[in-house]
$ cat input_20.txt   # compact mmCIF, C-alpha atoms
# COMPACT_ATOMS: atom_id res chain seq x y z
CA MET A 139 -33.93 173.11 -62.66
CA SER A 140 -37.58 174.13 -62.52
CA TRP A 141 -38.92 176.57 -59.99
CA ALA A 142 -39.60 174.74 -56.72
CA PRO A 143 -43.11 174.98 -55.22
CA GLY A 144 -41.59 176.27 -51.98
CA LEU A 145 -40.60 179.46 -53.76
CA GLU A 146 -44.14 180.49 -54.55
CA PRO A 147 -45.48 183.05 -52.06
CA GLY A 148 -48.17 181.57 -49.85
CA CYS A 149 -49.35 185.09 -49.08
CA PRO A 150 -48.45 187.54 -51.87
CA GLU A 151 -49.01 190.60 -49.72
CA ALA A 152 -47.21 189.20 -46.68
CA GLY A 153 -44.93 191.55 -44.81
CA LYS A 154 -45.50 194.88 -43.10
CA LEU A 155 -43.14 197.69 -42.23
CA ASP A 156 -42.84 196.75 -38.57
CA ASP A 157 -41.52 193.36 -39.72
CA ILE A 158 -38.26 195.18 -40.56
CA GLU A 159 -36.18 195.01 -37.42
CA THR A 160 -33.19 196.96 -38.79
CA LEU A 161 -32.59 199.05 -41.89
CA ILE A 162 -28.88 199.40 -42.69
CA VAL A 163 -27.41 202.00 -45.02
CA PRO A 164 -23.86 200.79 -45.77
CA ARG A 165 -20.82 202.96 -45.17
CA ALA A 166 -18.28 203.67 -47.90
CA ARG A 167 -14.78 202.38 -47.16
CA ASP A 168 -11.55 202.83 -49.14
CA ILE A 169 -9.39 199.70 -49.27
CA GLY A 170 -6.41 201.16 -51.10
CA GLY A 171 -7.72 203.04 -54.13
CA PHE A 172 -10.90 200.98 -54.38
CA GLU A 173 -14.15 201.83 -52.62
CA VAL A 174 -16.47 199.29 -51.05
CA ARG A 175 -19.86 199.69 -49.37
CA ARG A 176 -19.87 197.95 -45.98
CA ALA A 177 -23.24 196.86 -44.56
CA LEU A 178 -21.99 194.55 -41.78
CA PRO A 179 -20.99 194.95 -39.05
CA ALA A 180 -23.29 197.94 -38.46
CA PRO A 181 -23.73 200.09 -35.34
CA LYS A 182 -27.12 198.54 -34.60
CA ARG A 183 -26.48 195.06 -35.95
CA GLN A 184 -23.26 193.05 -35.75
CA MET A 185 -24.50 189.92 -37.53
CA VAL A 186 -27.35 188.48 -39.60
CA GLY A 187 -27.34 184.82 -38.63
CA PRO A 188 -23.64 183.92 -38.74
CA PHE A 189 -22.80 186.62 -41.34
CA ILE A 190 -20.60 189.19 -39.59
CA PHE A 191 -19.14 191.13 -42.52
CA PHE A 192 -20.74 192.19 -45.80
CA ASP A 193 -18.99 194.28 -48.46
CA GLN A 194 -20.24 195.32 -51.87
CA MET A 195 -17.25 195.63 -54.20
CA GLY A 196 -17.92 197.96 -57.14
CA PRO A 197 -19.26 198.23 -59.72
CA ALA A 198 -15.91 199.61 -60.82
CA GLU A 199 -14.03 199.90 -64.10
CA PHE A 200 -10.26 199.63 -64.46
CA LEU A 201 -8.06 200.90 -67.26
CA THR A 202 -5.42 198.76 -68.92
CA GLY A 203 -2.79 197.77 -66.38
CA GLN A 204 -5.03 198.48 -63.40
CA GLY A 205 -6.83 196.17 -61.02
CA ILE A 206 -7.20 195.05 -57.42
CA ASP A 207 -4.23 194.07 -55.28
CA VAL A 208 -5.23 192.84 -51.84
CA ARG A 209 -1.84 191.78 -50.48
CA PRO A 210 -1.44 188.70 -48.25
CA HIS A 211 -3.18 189.15 -44.90
CA PRO A 212 -4.35 186.83 -42.09
CA HIS A 213 -7.72 185.62 -40.79
CA ILE A 214 -8.91 183.57 -37.81
CA GLY A 215 -12.32 182.39 -36.59
CA LEU A 216 -14.29 182.94 -39.80
CA GLY A 217 -14.97 181.79 -43.34
CA THR A 218 -14.70 184.20 -46.28
CA VAL A 219 -17.26 183.94 -49.09
CA THR A 220 -16.42 185.56 -52.43
CA TYR A 221 -19.13 185.84 -55.09
CA LEU A 222 -18.86 187.97 -58.24
CA TYR A 223 -21.36 189.50 -60.67
CA GLU A 224 -18.65 190.79 -63.01
CA GLY A 225 -14.89 190.42 -63.29
CA GLU A 226 -12.49 187.96 -61.65
CA PHE A 227 -10.11 187.46 -58.74
CA GLU A 228 -6.94 185.41 -58.50
CA HIS A 229 -6.92 183.81 -55.05
CA ARG A 230 -3.82 182.40 -53.36
CA ASP A 231 -3.60 181.19 -49.76
CA SER A 232 -1.17 179.65 -47.31
CA LEU A 233 -2.74 176.23 -47.86
CA GLY A 234 -1.19 176.32 -51.34
CA THR A 235 -4.47 177.10 -53.09
CA HIS A 236 -4.26 178.99 -56.40
CA GLN A 237 -7.79 179.51 -57.72
CA MET A 238 -9.42 181.91 -60.17
CA ILE A 239 -13.02 182.90 -59.47
CA TYR A 240 -15.49 184.15 -62.08
CA PRO A 241 -19.14 185.33 -61.94
CA GLY A 242 -21.63 182.82 -60.54
CA GLU A 243 -18.94 180.77 -58.75
CA VAL A 244 -18.10 180.69 -55.05
CA ASN A 245 -14.83 180.66 -53.11
CA TRP A 246 -15.21 179.52 -49.48
CA MET A 247 -12.08 179.81 -47.37
CA VAL A 248 -12.39 178.68 -43.75
CA ALA A 249 -9.73 180.36 -41.62
CA GLY A 250 -10.24 178.38 -38.42
CA GLN A 251 -7.10 178.78 -36.28
CA GLY A 252 -5.36 180.75 -39.00
CA VAL A 253 -4.83 181.25 -42.73
CA THR A 254 -3.26 183.89 -44.97
CA HIS A 255 -4.50 184.82 -48.43
CA SER A 256 -4.29 187.38 -51.22
CA GLU A 257 -6.74 188.45 -53.91
CA ARG A 258 -5.57 190.18 -57.07
CA THR A 259 -6.67 190.98 -60.59
CA SER A 260 -4.82 188.55 -62.84
CA ALA A 261 -2.08 189.62 -65.25
CA ALA A 262 -4.20 188.46 -68.20
CA THR A 263 -7.14 190.68 -67.21
CA ARG A 264 -4.84 193.70 -66.72
CA GLU A 265 -3.96 193.54 -70.42
CA GLY A 266 -7.16 195.44 -71.21
CA ARG A 267 -9.96 197.37 -69.57
CA SER A 268 -11.94 195.40 -67.01
CA ARG A 269 -14.83 195.65 -64.58
CA LEU A 270 -15.42 194.30 -61.09
CA PHE A 271 -18.69 193.93 -59.21
CA GLY A 272 -19.31 191.47 -56.43
CA ILE A 273 -19.96 190.69 -52.80
CA GLN A 274 -17.59 189.45 -50.12
CA THR A 275 -18.88 188.25 -46.78
CA TRP A 276 -17.42 186.72 -43.64
CA VAL A 277 -19.22 183.97 -41.77
CA ALA A 278 -18.35 183.75 -38.07
CA LEU A 279 -17.64 180.19 -37.00
CA PRO A 280 -19.35 178.50 -34.05
CA GLU A 281 -17.08 178.47 -31.00
CA ARG A 282 -16.45 174.74 -31.37
CA ASP A 283 -14.99 175.32 -34.86
CA GLU A 284 -12.87 178.42 -34.24
CA GLU A 285 -9.71 176.36 -33.75
CA ARG A 286 -10.25 173.93 -36.62
CA ALA A 287 -7.68 173.57 -39.39
CA ALA A 288 -8.02 175.98 -42.29
CA SER A 289 -9.63 174.74 -45.52
CA PHE A 290 -10.71 175.97 -48.95
CA GLU A 291 -13.54 175.07 -51.35
CA HIS A 292 -14.33 176.32 -54.83
CA HIS A 293 -17.61 175.49 -56.56
CA GLY A 294 -18.35 176.37 -60.17
CA GLU A 295 -21.55 177.96 -61.41
CA ALA A 296 -23.02 174.64 -62.56
CA ALA A 297 -22.63 173.10 -59.09
CA LEU A 298 -24.86 175.65 -57.32
CA PRO A 299 -28.64 175.02 -57.32
CA LEU A 300 -30.44 177.32 -59.77
CA LEU A 301 -34.19 177.90 -59.50
CA GLU A 302 -36.06 179.75 -62.26
CA GLY A 303 -39.61 180.71 -63.10
CA GLU A 304 -42.37 183.26 -62.46
CA GLY A 305 -39.97 186.13 -63.19
CA LYS A 306 -37.43 184.88 -60.65
CA ARG A 307 -33.92 183.49 -60.93
CA LEU A 308 -32.31 182.30 -57.70
CA ARG A 309 -28.87 180.75 -57.28
CA LEU A 310 -28.35 179.20 -53.84
CA ILE A 311 -24.74 179.86 -52.91
CA MET A 312 -24.58 178.39 -49.41
CA GLY A 313 -26.77 176.57 -46.94
CA ARG A 314 -30.38 175.52 -47.44
CA GLY A 315 -33.52 177.30 -48.59
CA TRP A 316 -36.45 177.15 -51.00
CA GLY A 317 -36.32 173.36 -50.99
CA GLU A 318 -32.67 173.14 -52.06
CA ARG A 319 -29.25 172.75 -50.44
CA ALA A 320 -25.94 174.09 -51.80
CA PRO A 321 -22.86 171.81 -51.91
CA VAL A 322 -20.65 174.19 -49.90
CA GLY A 323 -19.66 172.73 -46.53
CA THR A 324 -20.95 174.85 -43.62
CA PHE A 325 -20.74 174.69 -39.82
CA SER A 326 -24.09 176.20 -38.83
CA ASP A 327 -27.57 176.39 -40.36
CA MET A 328 -27.70 179.23 -42.91
CA PHE A 329 -28.80 180.42 -46.34
CA TYR A 330 -27.17 182.72 -48.88
CA ALA A 331 -28.60 183.35 -52.35
CA ASP A 332 -28.20 185.56 -55.41
CA VAL A 333 -31.68 186.55 -56.63
CA VAL A 334 -32.68 188.35 -59.83
CA LEU A 335 -36.31 189.52 -60.06
CA GLU A 336 -38.15 190.87 -63.07
CA ALA A 337 -40.45 193.86 -62.60
CA GLY A 338 -43.27 193.00 -60.18
CA ALA A 339 -41.97 189.49 -59.39
CA LYS A 340 -42.43 188.32 -55.81
CA LEU A 341 -40.00 186.41 -53.61
CA PRO A 342 -40.94 184.84 -50.26
CA LEU A 343 -38.16 184.53 -47.71
CA PRO A 344 -37.69 181.24 -45.87
CA GLU A 345 -39.68 181.19 -42.63
CA ASP A 346 -37.67 178.40 -40.98
CA HIS A 347 -34.46 180.38 -40.44
CA GLU A 348 -33.95 182.37 -37.25
CA ASP A 349 -32.38 185.43 -38.86
CA ARG A 350 -33.19 186.74 -42.34
CA GLY A 351 -31.86 189.71 -44.26
CA VAL A 352 -31.79 191.12 -47.79
CA TYR A 353 -29.28 193.42 -49.43
CA VAL A 354 -30.39 195.13 -52.66
CA THR A 355 -27.56 195.45 -55.18
CA GLN A 356 -29.52 196.70 -58.21
CA GLY A 357 -33.00 198.10 -58.80
CA ALA A 358 -35.44 198.23 -55.90
CA VAL A 359 -37.84 196.07 -53.91
CA GLU A 360 -41.03 196.85 -52.04
CA VAL A 361 -42.21 195.61 -48.65
CA ALA A 362 -45.75 196.57 -47.63
CA GLY A 363 -45.73 199.34 -50.24
CA GLU A 364 -42.46 200.88 -49.01
CA ARG A 365 -39.66 201.09 -51.58
CA PHE A 366 -36.05 200.11 -50.78
CA GLU A 367 -33.47 200.94 -53.43
CA ALA A 368 -30.01 199.54 -54.14
CA GLY A 369 -27.54 199.95 -51.31
CA ARG A 370 -29.93 199.05 -48.51
CA MET A 371 -29.96 196.04 -46.21
CA MET A 372 -33.16 195.07 -44.42
CA VAL A 373 -33.14 192.64 -41.50
CA PHE A 374 -36.53 191.11 -40.70
CA ARG A 375 -38.11 189.96 -37.47
CA PRO A 376 -37.93 186.21 -36.84
CA GLY A 377 -40.88 184.06 -37.85
CA ASP A 378 -42.90 186.64 -39.78
CA ALA A 379 -44.06 185.85 -43.31
CA ILE A 380 -42.09 188.13 -45.63
CA THR A 381 -42.54 188.54 -49.38
CA LEU A 382 -40.51 190.99 -51.44
CA THR A 383 -41.87 192.56 -54.64
CA ALA A 384 -39.50 193.88 -57.30
CA GLY A 385 -39.99 197.48 -58.41
CA PRO A 386 -40.83 198.46 -62.02
CA GLU A 387 -37.13 198.31 -62.96
CA GLY A 388 -36.68 194.84 -61.49
CA ALA A 389 -34.16 194.01 -58.79
CA ARG A 390 -31.09 192.01 -57.90
CA LEU A 391 -30.44 191.15 -54.29
CA MET A 392 -28.54 188.92 -51.92
CA ALA A 393 -30.67 187.04 -49.40
CA LEU A 394 -28.86 185.85 -46.29
CA GLY A 395 -29.34 184.61 -42.76
CA GLY A 396 -29.60 181.55 -40.59
CA GLU A 397 -28.95 180.34 -37.09
CA THR A 398 -27.59 182.90 -34.63
CA LEU A 399 -24.41 182.01 -32.74
CA ASN A 400 -24.15 181.48 -28.98
CA GLY A 401 -23.12 185.08 -28.43
CA PRO A 402 -21.58 188.16 -30.05
CA ARG A 403 -18.11 188.03 -31.56
CA TYR A 404 -15.05 190.20 -31.09
CA ILE A 405 -13.83 191.59 -34.38
CA TRP A 406 -10.52 193.39 -34.89
CA TRP A 407 -8.95 193.97 -38.29
CA ASN A 408 -9.26 190.61 -40.10
CA PHE A 409 -9.74 188.55 -36.94
CA VAL A 410 -13.03 187.26 -35.51
CA ALA A 411 -13.24 185.31 -32.25
CA SER A 412 -15.42 184.51 -29.26
CA SER A 413 -12.80 185.92 -26.87
CA GLU A 414 -10.41 188.85 -26.73
CA GLU A 415 -7.62 186.46 -25.77
CA LYS A 416 -7.85 184.69 -29.14
CA ILE A 417 -7.66 188.04 -30.94
CA ALA A 418 -4.60 189.07 -28.89
CA ALA A 419 -2.81 185.79 -29.67
CA ALA A 420 -3.43 186.19 -33.41
CA LYS A 421 -2.17 189.79 -33.33
CA GLU A 422 1.04 188.70 -31.65
CA ALA A 423 1.58 185.83 -34.09
CA TRP A 424 1.18 188.10 -37.14
CA ALA A 425 3.42 190.78 -35.62
CA GLN A 426 6.21 188.21 -35.07
CA GLY A 427 6.27 187.41 -38.79
CA ASP A 428 7.76 183.94 -38.35
CA TRP A 429 6.52 182.60 -41.68
CA ALA A 430 8.58 179.41 -41.54
CA HIS A 431 7.72 178.21 -38.03
CA GLY A 432 4.98 180.47 -36.66
CA ARG A 433 1.20 180.33 -36.70
CA PHE A 434 0.90 182.09 -40.06
CA SER A 435 2.72 181.54 -43.34
CA LEU A 436 2.53 183.46 -46.62
CA PRO A 437 0.83 182.12 -49.76
CA PRO A 438 3.18 180.22 -52.09
CA GLY A 439 3.62 182.26 -55.25
CA ASP A 440 2.67 185.51 -53.49
CA ASP A 441 5.09 185.83 -50.59
CA ALA A 442 7.11 188.92 -51.56
CA GLU A 443 4.90 191.32 -49.57
CA PHE A 444 2.15 191.36 -46.96
CA ILE A 445 -0.15 193.74 -45.11
CA PRO A 446 1.43 194.71 -41.76
CA LEU A 447 -0.46 194.74 -38.48
CA PRO A 448 -2.32 198.08 -38.08
CA GLY A 449 -0.62 200.52 -35.75

$ encode --input "input_20.txt" --output "structure tokens"
Amino acid sequence: MSWAPGLEPGCPEAGKLDDIETLIVPRARDIGGFEVRRALPAPKRQMVGPFIFFDQMGPAEFLTGQGIDVRPHPHIGLGTVTYLYEGEFEHRDSLGTHQMIYPGEVNWMVAGQGVTHSERTSAATREGRSRLFGIQTWVALPERDEERAASFEHHGEAALPLLEGEGKRLRLIMGRGWGERAPVGTFSDMFYADVVLEAGAKLPLPEDHEDRGVYVTQGAVEVAGERFEAGRMMVFRPGDAITLTAGPEGARLMALGGETLNGPRYIWWNFVASSEEKIAAAKEAWAQGDWAHGRFSLPPGDDAEFIPLPG
């Protein structure tokens, strides 16, 4: 697909430092022998549009026999988005889904009223050395959709809109932006894109989304002459014309945002909800552990263990 006209900056020098509403430096978190960098939620910013959780996984290298083992665990009130630069995950969930994910593809699991899933490095990949580098986000659901039935979508690399030209390569993962729309089903207006910029290339951000943010995963970008290196998330003021310029080493980034929800969300462990009562009910259901008749069940094919409720 050729580069869409809407991607060309109307004002190459657009953007000034006071257009940055929040600068987030992610916190390192250990998730069982594997470190992630967590940008959302942040002390000064819970969400960017509907995105309420943002983790950078890796880059990490595993020796033969090693890998990731995220045991079965529950979610409510959100959708998980998994997108990889390197490596793979084997996804299983309580809907019966068994899906591998590779770089450039997207897994979109909507928890709604409740779902359980696991993510592991496959047995085939553990036969040798391997690498993992990717991003996992949670999208908070509008209140009207928090109790919907759980669902799962997988879209291959070829299904996601790809825009190229002028030193830019943009894959639209979810939502709408730059004149394109991704095939992933969503419940609020949003955009989420993987962008690779050559040295000096410029990228305008969509002006018709309420919230807009950028997370730099590799290289660096400049805004109004100020440099922001990898591991930084910038959230911009609504409505302002913003253009990013890649540094001399180029850059890779995730652009995200969209419509804000009707209010903040409660977040506890893996649960997101518009009320504390919904969180409390999910906690009780998981603690009961009635996999045959209760609210949650374990993924077929991965039901020998699970992550217990935090103490």

$ atom_distance --input "input_20.txt" --atom1 "CA of Glu348 in chain A" --atom2 "CA of Val186 in chain A"
9.3 Å

$ residues_around --input "input_20.txt" --residues "range 307-312 of chain A" --least-positions-apart "5" --cutoff "6 Å" --atoms "all atoms listed in the file" --output "list in words"
Pro299, Leu300, Leu301, Glu302, Ala320, Val322, Phe329, Tyr330, Ala331, Asp332, Val333 and Val334 of chain A

$ write_last_selection --input "input_20.txt" --atoms "C-alpha atoms" --output "PDB file, keeping the file's coordinate frame"
ATOM      1  CA  PRO A 299     -28.640 175.020 -57.320  1.00  0.00           C
ATOM      2  CA  LEU A 300     -30.440 177.320 -59.770  1.00  0.00           C
ATOM      3  CA  LEU A 301     -34.190 177.900 -59.500  1.00  0.00           C
ATOM      4  CA  GLU A 302     -36.060 179.750 -62.260  1.00  0.00           C
ATOM      5  CA  ALA A 320     -25.940 174.090 -51.800  1.00  0.00           C
ATOM      6  CA  VAL A 322     -20.650 174.190 -49.900  1.00  0.00           C
ATOM      7  CA  PHE A 329     -28.800 180.420 -46.340  1.00  0.00           C
ATOM      8  CA  TYR A 330     -27.170 182.720 -48.880  1.00  0.00           C
ATOM      9  CA  ALA A 331     -28.600 183.350 -52.350  1.00  0.00           C
ATOM     10  CA  ASP A 332     -28.200 185.560 -55.410  1.00  0.00           C
ATOM     11  CA  VAL A 333     -31.680 186.550 -56.630  1.00  0.00           C
ATOM     12  CA  VAL A 334     -32.680 188.350 -59.830  1.00  0.00           C
TER      13      VAL A 334
END

$ closest_residue --input "input_20.txt" --among "A:Gly396, A:Gly351, A:Gly369, A:Pro241" --to "Arg175 in chain A" --atoms "all atoms listed in the file"
A:Gly369

$ closest_residue --input "input_20.txt" --among "A:Glu415, A:Glu159, A:Glu336, A:Glu199" --to "Gly266 in chain A" --atoms "all atoms listed in the file"
A:Glu199

$ closest_residue --input "input_20.txt" --among "A:Arg269, A:His292, A:Leu161, A:Gly305" --to "Leu201 in chain A" --atoms "only C-alpha atoms"
A:Arg269

$ residues_near_point --input "input_20.txt" --point "(-11.0, 197.2, -58.9)" --cutoff "12 Å" --atoms "all atoms listed in the file" --output "PyMOL selection string"
chain A and resi 168-174+194-208+224-227+257-260+263-264+267-272

$ closest_residue --input "input_20.txt" --among "A:Ala339, A:His213, A:Pro321, A:Asn245" --to "Glu284 in chain A" --atoms "all atoms listed in the file"
A:His213

$ closest_residue --input "input_20.txt" --among "A:Ile214, A:Val253, A:Val219, A:Ile273" --to "Ala177 in chain A" --atoms "all atoms listed in the file"
A:Ile273

$ residues_around --input "input_20.txt" --residues "Glu414 in chain A" --least-positions-apart "5" --cutoff "9 Å" --atoms "all atoms listed in the file" --output "MDAnalysis selection string"
chainID A and resid 404:405 419

$ write_last_selection --input "input_20.txt" --atoms "C-alpha atoms" --output "tab-separated table (two decimals), keeping the file's coordinate frame"
chain	number	residue	atom	x	y	z
A	404	TYR	CA	-15.05	190.20	-31.09
A	405	ILE	CA	-13.83	191.59	-34.38
A	419	ALA	CA	-2.81	185.79	-29.67

$ residues_around --input "input_20.txt" --residues "Gln251 in chain A" --least-positions-apart "6" --cutoff "9 Å" --atoms "all atoms listed in the file" --output "short mmCIF file (atom, residue, chain, number, x, y, z; two decimals) with C-alpha atoms, in the frame of the given file"
data_model
loop_
_atom_site.label_atom_id
_atom_site.label_comp_id
_atom_site.auth_asym_id
_atom_site.auth_seq_id
_atom_site.Cartn_x
_atom_site.Cartn_y
_atom_site.Cartn_z
CA HIS A 213 -7.72 185.62 -40.79
CA ILE A 214 -8.91 183.57 -37.81
CA GLY A 215 -12.32 182.39 -36.59
CA ASP A 283 -14.99 175.32 -34.86
CA GLU A 284 -12.87 178.42 -34.24
CA GLU A 285 -9.71 176.36 -33.75
CA ARG A 286 -10.25 173.93 -36.62
CA ALA A 287 -7.68 173.57 -39.39
CA ALA A 288 -8.02 175.98 -42.29
CA ALA A 420 -3.43 186.19 -33.41
CA ARG A 433 1.20 180.33 -36.70
#

$ closest_residue --input "input_20.txt" --among "A:Trp316, A:Pro212, A:Ile158, A:Gly449" --to "Val361 in chain A" --atoms "all atoms listed in the file"
A:Ile158

$ atom_distance --input "input_20.txt" --atom1 "CA of Asp346 in chain A" --atom2 "CA of Gly317 in chain A"
11.3 Å

$ atom_distance --input "input_20.txt" --atom1 "CA of Glu291 in chain A" --atom2 "CA of Ala278 in chain A"
16.6 Å

$ residues_around --input "input_20.txt" --residues "Phe290 in chain A" --least-positions-apart "4" --cutoff "7 Å" --atoms "all atoms listed in the file" --output "MDAnalysis selection string"
chainID A and resid 246:248

$ residues_around --input "input_20.txt" --residues "Ser256 in chain A" --least-positions-apart "2" --cutoff "7 Å" --atoms "all atoms listed in the file" --output "list in words"
Val208, Arg209, Pro210, His211, His229, Arg230, Asp231 and Arg258 of chain A

$ axis_aligned_box --input "input_20.txt" --around "range 399-415 of chain A" --padding-each-side "8 Å" --output "AutoDock Vina command-line options"
--center_x -16.0 --center_y 187.7 --center_z -32.9 --size_x 32.8 --size_y 28.5 --size_z 30.3
